[in-house]
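Coordinates from coords-v2.cif are shown below (mmCIF, C-alpha atoms).
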```cif
data_work
#
loop_
_atom_site.label_atom_id
_atom_site.label_comp_id
_atom_site.auth_asym_id
_atom_site.auth_seq_id
_atom_site.Cartn_x
_atom_site.Cartn_y
_atom_site.Cartn_z
CA MET A 1 2.12 12.81 25.00
CA ARG A 2 5.71 12.64 23.75
CA ARG A 3 6.50 15.18 21.08
CA SER A 4 7.34 13.95 17.61
CA THR A 5 10.71 14.78 16.07
CA HIS A 6 9.18 14.93 12.63
CA PRO A 7 8.02 18.32 11.34
CA LYS A 8 4.89 17.08 9.64
CA THR A 9 2.69 16.67 12.66
CA HIS A 10 2.31 17.75 16.28
CA LEU A 11 1.05 14.27 17.18
CA SER A 12 3.41 11.69 18.68
CA ARG A 13 4.49 9.11 16.16
CA ARG A 14 7.86 7.88 17.36
CA GLY A 15 6.38 4.89 19.15
CA PHE A 16 4.11 4.00 16.26
CA LEU A 17 6.84 4.29 13.67
CA SER A 18 9.18 2.20 15.77
CA ALA A 19 6.71 -0.68 15.77
CA ALA A 20 5.75 -0.21 12.13
CA ALA A 21 9.34 0.01 10.96
CA ALA A 22 10.28 -3.05 12.98
CA ALA A 23 7.42 -5.08 11.54
CA TRP A 24 8.08 -3.97 7.99
CA GLY A 25 11.83 -4.34 8.37
CA GLY A 26 11.39 -7.83 9.74
CA ALA A 27 9.27 -8.83 6.77
CA MET A 28 11.80 -7.41 4.32
CA ALA A 29 14.68 -9.01 6.18
CA GLY A 30 12.97 -12.36 5.85
CA GLY A 31 12.61 -11.85 2.13
CA ALA A 32 16.28 -10.90 1.79
CA ALA A 33 17.36 -13.94 3.78
CA SER A 34 15.32 -16.26 1.59
CA ALA A 35 17.03 -14.77 -1.46
CA GLY A 36 20.39 -15.61 0.11
CA VAL A 37 21.89 -12.09 0.08
CA ALA A 38 21.04 -9.29 2.49
CA PRO A 39 20.64 -5.96 0.65
CA GLU A 40 23.36 -4.26 2.70
CA ALA A 41 25.82 -7.07 1.80
CA ARG A 42 25.73 -6.18 -1.90
CA PRO A 43 28.94 -4.81 -3.46
CA ASP A 44 27.27 -1.50 -4.38
CA VAL A 45 26.59 -0.60 -0.72
CA PRO A 46 29.24 1.80 0.63
CA PRO A 47 31.45 0.61 3.51
CA GLU A 48 31.01 1.83 7.08
CA ASP A 49 33.69 4.53 6.65
CA TYR A 50 31.97 6.03 3.60
CA ARG A 51 31.99 9.81 3.27
CA VAL A 52 30.25 12.04 0.73
CA GLN A 53 32.60 12.55 -2.21
CA ARG A 54 31.17 15.23 -4.49
CA GLY A 55 28.99 17.24 -2.12
CA ARG A 56 27.33 19.23 -4.90
CA ILE A 57 23.98 18.23 -3.40
CA GLN A 58 23.67 19.37 0.22
CA GLN A 59 21.97 16.38 1.80
CA SER A 60 20.02 16.16 5.03
CA VAL A 61 18.40 13.25 6.88
CA TYR A 62 15.08 12.95 8.74
CA SER A 63 15.49 11.14 12.03
CA TRP A 64 11.86 9.93 12.30
CA CYS A 65 12.43 7.49 9.44
CA PHE A 66 15.14 5.67 11.39
CA ALA A 67 13.27 5.14 14.66
CA PRO A 68 13.87 3.51 17.08
CA MET A 69 17.51 4.41 16.44
CA PRO A 70 18.49 7.13 18.97
CA GLU A 71 18.75 10.52 17.31
CA GLU A 72 22.22 11.17 18.70
CA GLN A 73 23.49 7.93 17.15
CA LEU A 74 22.02 8.88 13.79
CA ILE A 75 23.37 12.43 13.97
CA ARG A 76 26.89 11.26 14.72
CA ALA A 77 26.71 8.68 11.92
CA CYS A 78 25.61 11.38 9.49
CA HIS A 79 28.38 13.68 10.69
CA ARG A 80 30.97 10.97 10.01
CA MET A 81 29.42 10.55 6.57
CA GLY A 82 29.92 14.24 5.80
CA ILE A 83 26.22 15.14 5.73
CA PRO A 84 25.91 18.88 6.49
CA ALA A 85 22.39 19.09 7.94
CA MET A 86 19.67 17.16 9.77
CA ASP A 87 15.93 17.24 10.44
CA VAL A 88 15.72 16.28 14.11
CA GLY A 89 14.01 17.23 17.36
CA LYS A 90 14.82 20.62 18.89
CA GLU A 91 16.54 18.99 21.84
CA GLN A 92 19.27 17.85 19.40
CA TYR A 93 19.92 21.29 17.90
CA PRO A 94 22.80 22.00 20.32
CA LEU A 95 24.53 18.81 19.20
CA LEU A 96 24.15 19.79 15.55
CA LYS A 97 25.71 23.17 16.31
CA LYS A 98 28.55 21.56 18.24
CA LEU A 99 29.31 19.30 15.28
CA GLY A 100 29.13 22.15 12.77
CA MET A 101 25.93 20.84 11.19
CA LYS A 102 22.82 22.84 10.31
CA VAL A 103 19.10 22.54 11.00
CA ALA A 104 17.64 21.82 7.57
CA MET A 105 14.02 22.75 8.37
CA VAL A 106 11.99 23.73 11.43
CA ALA A 107 8.63 22.15 12.33
CA SER A 108 5.43 24.16 12.72
CA HIS A 109 1.75 23.22 12.96
CA GLY A 110 1.73 19.74 11.39
CA PHE A 111 -0.14 18.38 8.38
CA GLN A 112 -3.40 17.47 10.08
CA THR A 113 -4.48 20.84 11.47
CA GLY A 114 -3.78 23.42 8.79
CA PRO A 115 -5.05 26.83 7.73
CA LEU A 116 -7.78 25.58 5.38
CA THR A 117 -10.31 26.26 8.16
CA ARG A 118 -10.46 29.69 9.77
CA GLU A 119 -10.98 28.07 13.17
CA SER A 120 -7.39 26.78 12.99
CA HIS A 121 -5.78 30.10 12.01
CA ALA A 122 -4.85 31.22 15.52
CA PHE A 123 -3.17 27.87 16.21
CA CYS A 124 -1.31 27.81 12.88
CA LEU A 125 -0.18 31.42 13.13
CA ALA A 126 1.18 30.90 16.63
CA LYS A 127 3.06 27.76 15.56
CA LEU A 128 4.45 29.42 12.41
CA ARG A 129 5.69 32.48 14.31
CA GLU A 130 7.28 30.26 16.94
CA ALA A 131 8.94 28.18 14.21
CA ILE A 132 10.24 31.29 12.43
CA ASP A 133 11.84 32.48 15.68
CA THR A 134 13.38 29.04 16.19
CA ALA A 135 14.74 29.08 12.64
CA VAL A 136 16.38 32.45 13.23
CA ALA A 137 17.85 31.32 16.55
CA TRP A 138 19.45 28.23 15.01
CA GLY A 139 20.40 29.60 11.60
CA SER A 140 17.85 27.68 9.53
CA SER A 141 16.34 29.17 6.36
CA ASN A 142 13.14 27.14 6.19
CA VAL A 143 9.96 26.48 8.15
CA ILE A 144 7.56 23.80 6.94
CA THR A 145 3.84 24.45 6.47
CA PHE A 146 0.86 22.46 5.22
CA THR A 147 -2.70 23.04 4.06
CA GLY A 148 -4.18 20.59 6.56
CA MET A 149 -6.87 17.98 6.02
CA ARG A 150 -10.10 18.67 4.17
CA ALA A 151 -12.99 19.69 6.44
CA LYS A 152 -16.66 18.90 6.03
CA GLY A 153 -18.57 21.75 4.40
CA VAL A 154 -15.44 23.59 3.21
CA THR A 155 -15.23 23.82 -0.58
CA ASP A 156 -11.92 23.70 -2.40
CA GLU A 157 -12.06 27.41 -3.21
CA GLN A 158 -12.92 28.34 0.37
CA ALA A 159 -10.11 26.12 1.62
CA ALA A 160 -7.71 27.85 -0.77
CA ARG A 161 -8.86 31.31 0.32
CA ASN A 162 -8.51 30.37 3.99
CA CYS A 163 -4.98 29.05 3.47
CA VAL A 164 -3.86 32.13 1.59
CA GLU A 165 -5.48 34.44 4.14
CA CYS A 166 -3.65 32.75 6.99
CA TRP A 167 -0.24 32.68 5.32
CA LYS A 168 -0.55 36.33 4.32
CA LYS A 169 -0.93 37.21 8.00
CA VAL A 170 2.48 35.72 8.82
CA ILE A 171 4.48 36.06 5.60
CA GLY A 172 5.52 39.63 6.44
CA TYR A 173 7.13 38.32 9.62
CA ALA A 174 8.90 35.63 7.60
CA GLU A 175 10.14 38.28 5.18
CA GLN A 176 11.40 40.42 8.05
CA LYS A 177 13.28 37.46 9.53
CA GLN A 178 14.47 36.21 6.11
CA VAL A 179 12.92 32.77 6.59
CA ASN A 180 11.02 30.77 3.96
CA LEU A 181 7.65 29.14 4.57
CA CYS A 182 7.73 25.91 2.55
CA LEU A 183 4.39 24.36 1.61
CA GLU A 184 4.62 20.61 1.15
CA ILE A 185 2.60 18.56 -1.28
CA LEU A 186 1.54 15.18 0.18
CA ASN A 187 -0.03 12.28 -1.69
CA THR A 188 -3.54 11.05 -0.91
CA ARG A 189 -3.38 7.84 -2.96
CA ASP A 190 -1.46 5.54 -0.63
CA ALA A 191 -3.53 4.41 2.33
CA SER A 192 -1.29 1.45 3.22
CA HIS A 193 0.70 3.24 5.92
CA PRO A 194 0.15 6.51 7.83
CA MET A 195 3.40 8.00 6.54
CA LYS A 196 3.35 6.69 2.96
CA GLY A 197 0.22 8.65 2.08
CA HIS A 198 -2.23 11.07 3.68
CA PRO A 199 -5.81 10.51 2.48
CA GLY A 200 -7.86 13.67 3.00
CA TYR A 201 -4.97 16.13 2.69
CA PHE A 202 -5.97 19.23 0.69
CA GLY A 203 -2.59 20.11 -0.83
CA ASP A 204 -2.23 16.85 -2.76
CA ASP A 205 -1.63 18.37 -6.19
CA VAL A 206 1.56 20.19 -7.10
CA GLU A 207 -0.26 22.67 -9.34
CA ARG A 208 -2.71 23.49 -6.53
CA CYS A 209 0.20 24.11 -4.15
CA VAL A 210 1.90 26.32 -6.74
CA ASP A 211 -1.32 28.30 -7.18
CA LEU A 212 -1.59 28.85 -3.42
CA ILE A 213 2.03 29.99 -3.26
CA LYS A 214 1.52 32.45 -6.11
CA ARG A 215 -1.58 33.86 -4.42
CA VAL A 216 0.41 34.61 -1.28
CA ASP A 217 2.73 36.57 -3.58
CA SER A 218 5.93 36.66 -1.54
CA PRO A 219 9.51 35.60 -2.32
CA ARG A 220 9.48 33.90 1.09
CA MET A 221 6.55 31.58 0.26
CA LYS A 222 8.04 28.46 -1.31
CA LEU A 223 7.21 24.93 -2.43
CA LEU A 224 8.53 21.92 -0.58
CA PHE A 225 8.96 19.56 -3.53
CA ASP A 226 8.75 16.04 -2.11
CA VAL A 227 9.80 13.94 -5.10
CA TYR A 228 8.08 10.82 -3.76
CA HIS A 229 4.73 12.53 -3.21
CA VAL A 230 4.89 14.40 -6.53
CA GLN A 231 5.62 11.14 -8.35
CA VAL A 232 2.62 9.44 -6.74
CA MET A 233 0.19 12.28 -7.48
CA ASN A 234 1.49 13.99 -10.61
CA GLY A 235 4.55 12.34 -12.11
CA ASP A 236 6.66 14.09 -14.78
CA VAL A 237 9.06 14.97 -11.98
CA ILE A 238 12.02 16.44 -13.87
CA ARG A 239 9.86 18.64 -16.08
CA ARG A 240 8.10 19.99 -12.98
CA ILE A 241 11.41 20.62 -11.22
CA ARG A 242 12.47 22.76 -14.16
CA GLN A 243 9.06 24.43 -14.43
CA TYR A 244 8.81 25.43 -10.76
CA LYS A 245 12.51 25.93 -9.98
CA ASP A 246 12.01 29.55 -8.92
CA LEU A 247 9.38 28.57 -6.34
CA ILE A 248 11.10 25.54 -4.80
CA GLY A 249 12.64 26.08 -1.37
CA HIS A 250 13.37 22.51 -0.28
CA TYR A 251 13.36 18.90 -1.54
CA HIS A 252 12.54 15.54 0.03
CA VAL A 253 13.57 12.23 -1.56
CA ALA A 254 12.47 8.61 -1.14
CA GLY A 255 11.90 5.61 -3.36
CA CYS A 256 8.58 5.12 -5.11
CA PRO A 257 6.44 3.13 -4.72
CA GLY A 258 6.79 2.29 -1.04
CA ARG A 259 8.75 5.29 0.26
CA ASN A 260 11.69 3.00 0.87
CA GLU A 261 15.35 2.95 -0.18
CA PRO A 262 15.85 4.66 -3.57
CA ASP A 263 17.32 1.49 -5.07
CA GLU A 264 16.79 -0.46 -8.29
CA THR A 265 13.42 -1.79 -7.08
CA GLN A 266 11.96 1.74 -7.30
CA GLU A 267 10.65 3.65 -10.32
CA ILE A 268 12.42 6.98 -9.64
CA HIS A 269 15.96 7.16 -11.02
CA TYR A 270 17.41 9.58 -8.50
CA PRO A 271 20.77 10.31 -10.16
CA ALA A 272 18.88 11.87 -13.09
CA VAL A 273 16.52 13.75 -10.75
CA LEU A 274 19.39 15.15 -8.67
CA ARG A 275 21.31 16.22 -11.77
CA ALA A 276 18.18 18.06 -12.96
CA ILE A 277 17.98 19.81 -9.58
CA LEU A 278 21.60 20.92 -9.89
CA GLU A 279 20.98 22.21 -13.40
CA THR A 280 18.34 24.61 -12.04
CA GLY A 281 20.97 26.28 -9.84
CA TYR A 282 19.40 25.06 -6.59
CA THR A 283 21.79 25.28 -3.63
CA GLY A 284 19.52 24.38 -0.68
CA PHE A 285 19.09 21.09 1.14
CA VAL A 286 17.79 17.81 -0.23
CA SER A 287 16.50 15.69 2.64
CA GLN A 288 16.54 11.91 2.74
CA GLU A 289 13.07 10.94 3.99
CA PHE A 290 12.74 7.26 3.16
CA ILE A 291 11.61 4.46 5.46
CA PRO A 292 14.39 1.85 5.55
CA THR A 293 13.52 -1.78 4.99
CA TRP A 294 17.03 -3.20 5.28
CA PRO A 295 18.01 -4.70 8.65
CA ASP A 296 21.03 -2.38 8.74
CA LYS A 297 19.42 1.06 8.51
CA LEU A 298 22.74 2.90 8.33
CA ALA A 299 23.80 0.75 5.37
CA ALA A 300 20.56 1.76 3.68
CA LEU A 301 21.32 5.40 4.42
CA ARG A 302 24.86 5.18 3.07
CA TYR A 303 23.47 3.64 -0.09
CA ALA A 304 20.87 6.40 -0.50
CA VAL A 305 23.32 9.20 0.24
CA ARG A 306 25.86 7.96 -2.30
CA ARG A 307 23.13 7.48 -4.90
CA CYS A 308 22.16 11.14 -4.49
CA ASP A 309 25.76 12.41 -4.41
CA VAL A 310 25.86 13.23 -8.12
#
```

File written out as structure tokens:
Amino acid sequence: MRRSTHPKTHLSRRGFLSAAAAAWGGAMAGGAASAGVAPEARPDVPPEDYRVQRGRIQQSVYSWCFAPMPEEQLIRACHRMGIPAMDVGKEQYPLLKKLGMKVAMVASHGFQTGPLTRESHAFCLAKLREAIDTAVAWGSSNVITFTGMRAKGVTDEQAARNCVECWKKVIGYAEQKQVNLCLEILNTRDASHPMKGHPGYFGDDVERCVDLIKRVDSPRMKLLFDVYHVQVMNGDVIRRIRQYKDLIGHYHVAGCPGRNEPDETQEIHYPAVLRAILETGYTGFVSQEFIPTWPDKLAALRYAVRRCDV
């Protein structure tokens, strides 16, 4: 089985996402053609030589979203754009280093098999320790973690206790290595696509995730605030950014609904969200994790990057 380049699961998804993205992109391209103007031909889309201008937000890009585009092609395009970090497969880490770019976040145990069952603790702990070591080796500050999917016969309180118990066993190692474990909230409402929502995921409420983080009680246990998922499940995004600013270790961004380009068809106004993030004093990475629908995926990325360059 070919390993995924995306940190949210240990299952292969590159082939699936390639087909899904192609099908979805083809449908959207047809719609754009019928309207007479392709999205990337609009005057507000940056030209091919666009580079980040302000750079107050340190942006990163997830490669899985742009499959089947080769990772090296995407990395070099992002480098030309002035993007300082990427979320890519480990085999591309040497190229990032060569180009002076950083690894934004390191993968661990995936979102399906998480610590909410004790039977999975050995697996999760091994993956988290391995990811922490990888983060240290490549100069990354963050490792991603998840609660995992709900399990039959496991109550919410037992699931919470199991998660906290597992993370407490590894958080001392993270503290020693000065690496953050970032717990991501994922939405369970959208069942239209395997990467637009995750029905059955336990950590689907931002307040629940915050409670779990506080119970671990470590400055190295953080919240991965995925703006798209928070909007779907909880809303009130800017207020929550301000409320939980001291616990947030990383951000993901994508349009909502649809997890597509953060353009005017979406309900999240990202310039306001990014300004709110800056106002909290946050200096970490904000990762572009949207699924492009435009035929020219790099044009979509340039558009999204400039929109978030506040």

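Of the listed residues (A:Lys214, A:His121, A:Lys97, A:Lys177), A:His121 comes nearest to A:His109; the distances count all atoms listed in the file.
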
task: Mind giving me the straight-line distance from atom CA of A:Ala126 to atom CA of A:Glu71 in Å, one decimal?
output: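 Atom CA of A:Glu71 lies at a distance of 26.9 Å from atom CA of A:Ala126.
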
message: Please expand the PyMOL selection byres ((chain A and resi 104) around 6) into the concrete residues it hits in this file, giving the result as a list in words.
response: Ala85, Met86, Asp87, Lys102, Val103 and Met105 of chain A

message: Taking only C-alpha atoms into account, name the residue in A:Ile291, A:Ala254, A:Ala159, A:Val273 that is nearest to A:His193.
response: A:Ile291

field: Reference answer for the PyMOL selection byres ((chain A and resi 300-302) around 12), as a count of residues only
entry: 58

Please build the interface table for stretch 61-180 of chain A against stretch 194-208 of chain A with a cut-off of 12 Å, listing for each qualifying residue the nearest atom pair and the distance in Å to one decimal; count all atoms listed in the file, order rows by chain and increasing number, and write it as a Markdown table.
```
| residue | atom | partner | partner_atom | distance |
| --- | --- | --- | --- | --- |
| A:Trp64 | CA | A:Met195 | CA | 10.4 |
| A:Cys65 | CA | A:Met195 | CA | 9.5 |
| A:Gly110 | CA | A:Tyr201 | CA | 11.6 |
| A:Phe111 | CA | A:Tyr201 | CA | 7.8 |
| A:Gln112 | CA | A:Tyr201 | CA | 7.7 |
| A:Thr113 | CA | A:Tyr201 | CA | 10.0 |
| A:Gly114 | CA | A:Phe202 | CA | 9.4 |
| A:Pro115 | CA | A:Phe202 | CA | 10.4 |
| A:Leu116 | CA | A:Phe202 | CA | 8.1 |
| A:Thr117 | CA | A:Phe202 | CA | 11.1 |
| A:Thr145 | CA | A:Gly203 | CA | 10.7 |
| A:Phe146 | CA | A:Gly203 | CA | 7.4 |
| A:Thr147 | CA | A:Gly203 | CA | 5.7 |
| A:Gly148 | CA | A:Tyr201 | CA | 6.0 |
| A:Met149 | CA | A:Tyr201 | CA | 4.3 |
| A:Arg150 | CA | A:Phe202 | CA | 5.4 |
| A:Ala151 | CA | A:Gly200 | CA | 8.6 |
| A:Lys152 | CA | A:Gly200 | CA | 10.7 |
| A:Val154 | CA | A:Phe202 | CA | 10.7 |
| A:Thr155 | CA | A:Phe202 | CA | 10.4 |
| A:Asp156 | CA | A:Phe202 | CA | 8.1 |
| A:Glu157 | CA | A:Arg208 | CA | 10.7 |
| A:Gln158 | CA | A:Phe202 | CA | 11.5 |
| A:Ala159 | CA | A:Phe202 | CA | 8.1 |
| A:Ala160 | CA | A:Arg208 | CA | 8.8 |
| A:Asn162 | CA | A:Phe202 | CA | 11.9 |
| A:Cys163 | CA | A:Gly203 | CA | 10.2 |
| A:Val164 | CA | A:Arg208 | CA | 11.9 |
```

- request: Dump as a list of chain:residue names all residues having an atom at most 12 Å from (22.5, 27.3, 10.8), computed in the file's coordinates with all atoms listed in the file.
  value: A:Pro84, A:Ala85, A:Met86, A:Tyr93, A:Pro94, A:Leu96, A:Lys97, A:Lys98, A:Leu99, A:Gly100, A:Met101, A:Lys102, A:Val103, A:Ala104, A:Met105, A:Val106, A:Thr134, A:Ala135, A:Val136, A:Ala137, A:Trp138, A:Gly139, A:Ser140, A:Ser141, A:Asn142, A:Val179, A:Phe285

field: Distance in Å - atom CA of A:Leu212 versus atom CA of A:Ala191
entry: 25.2 Å
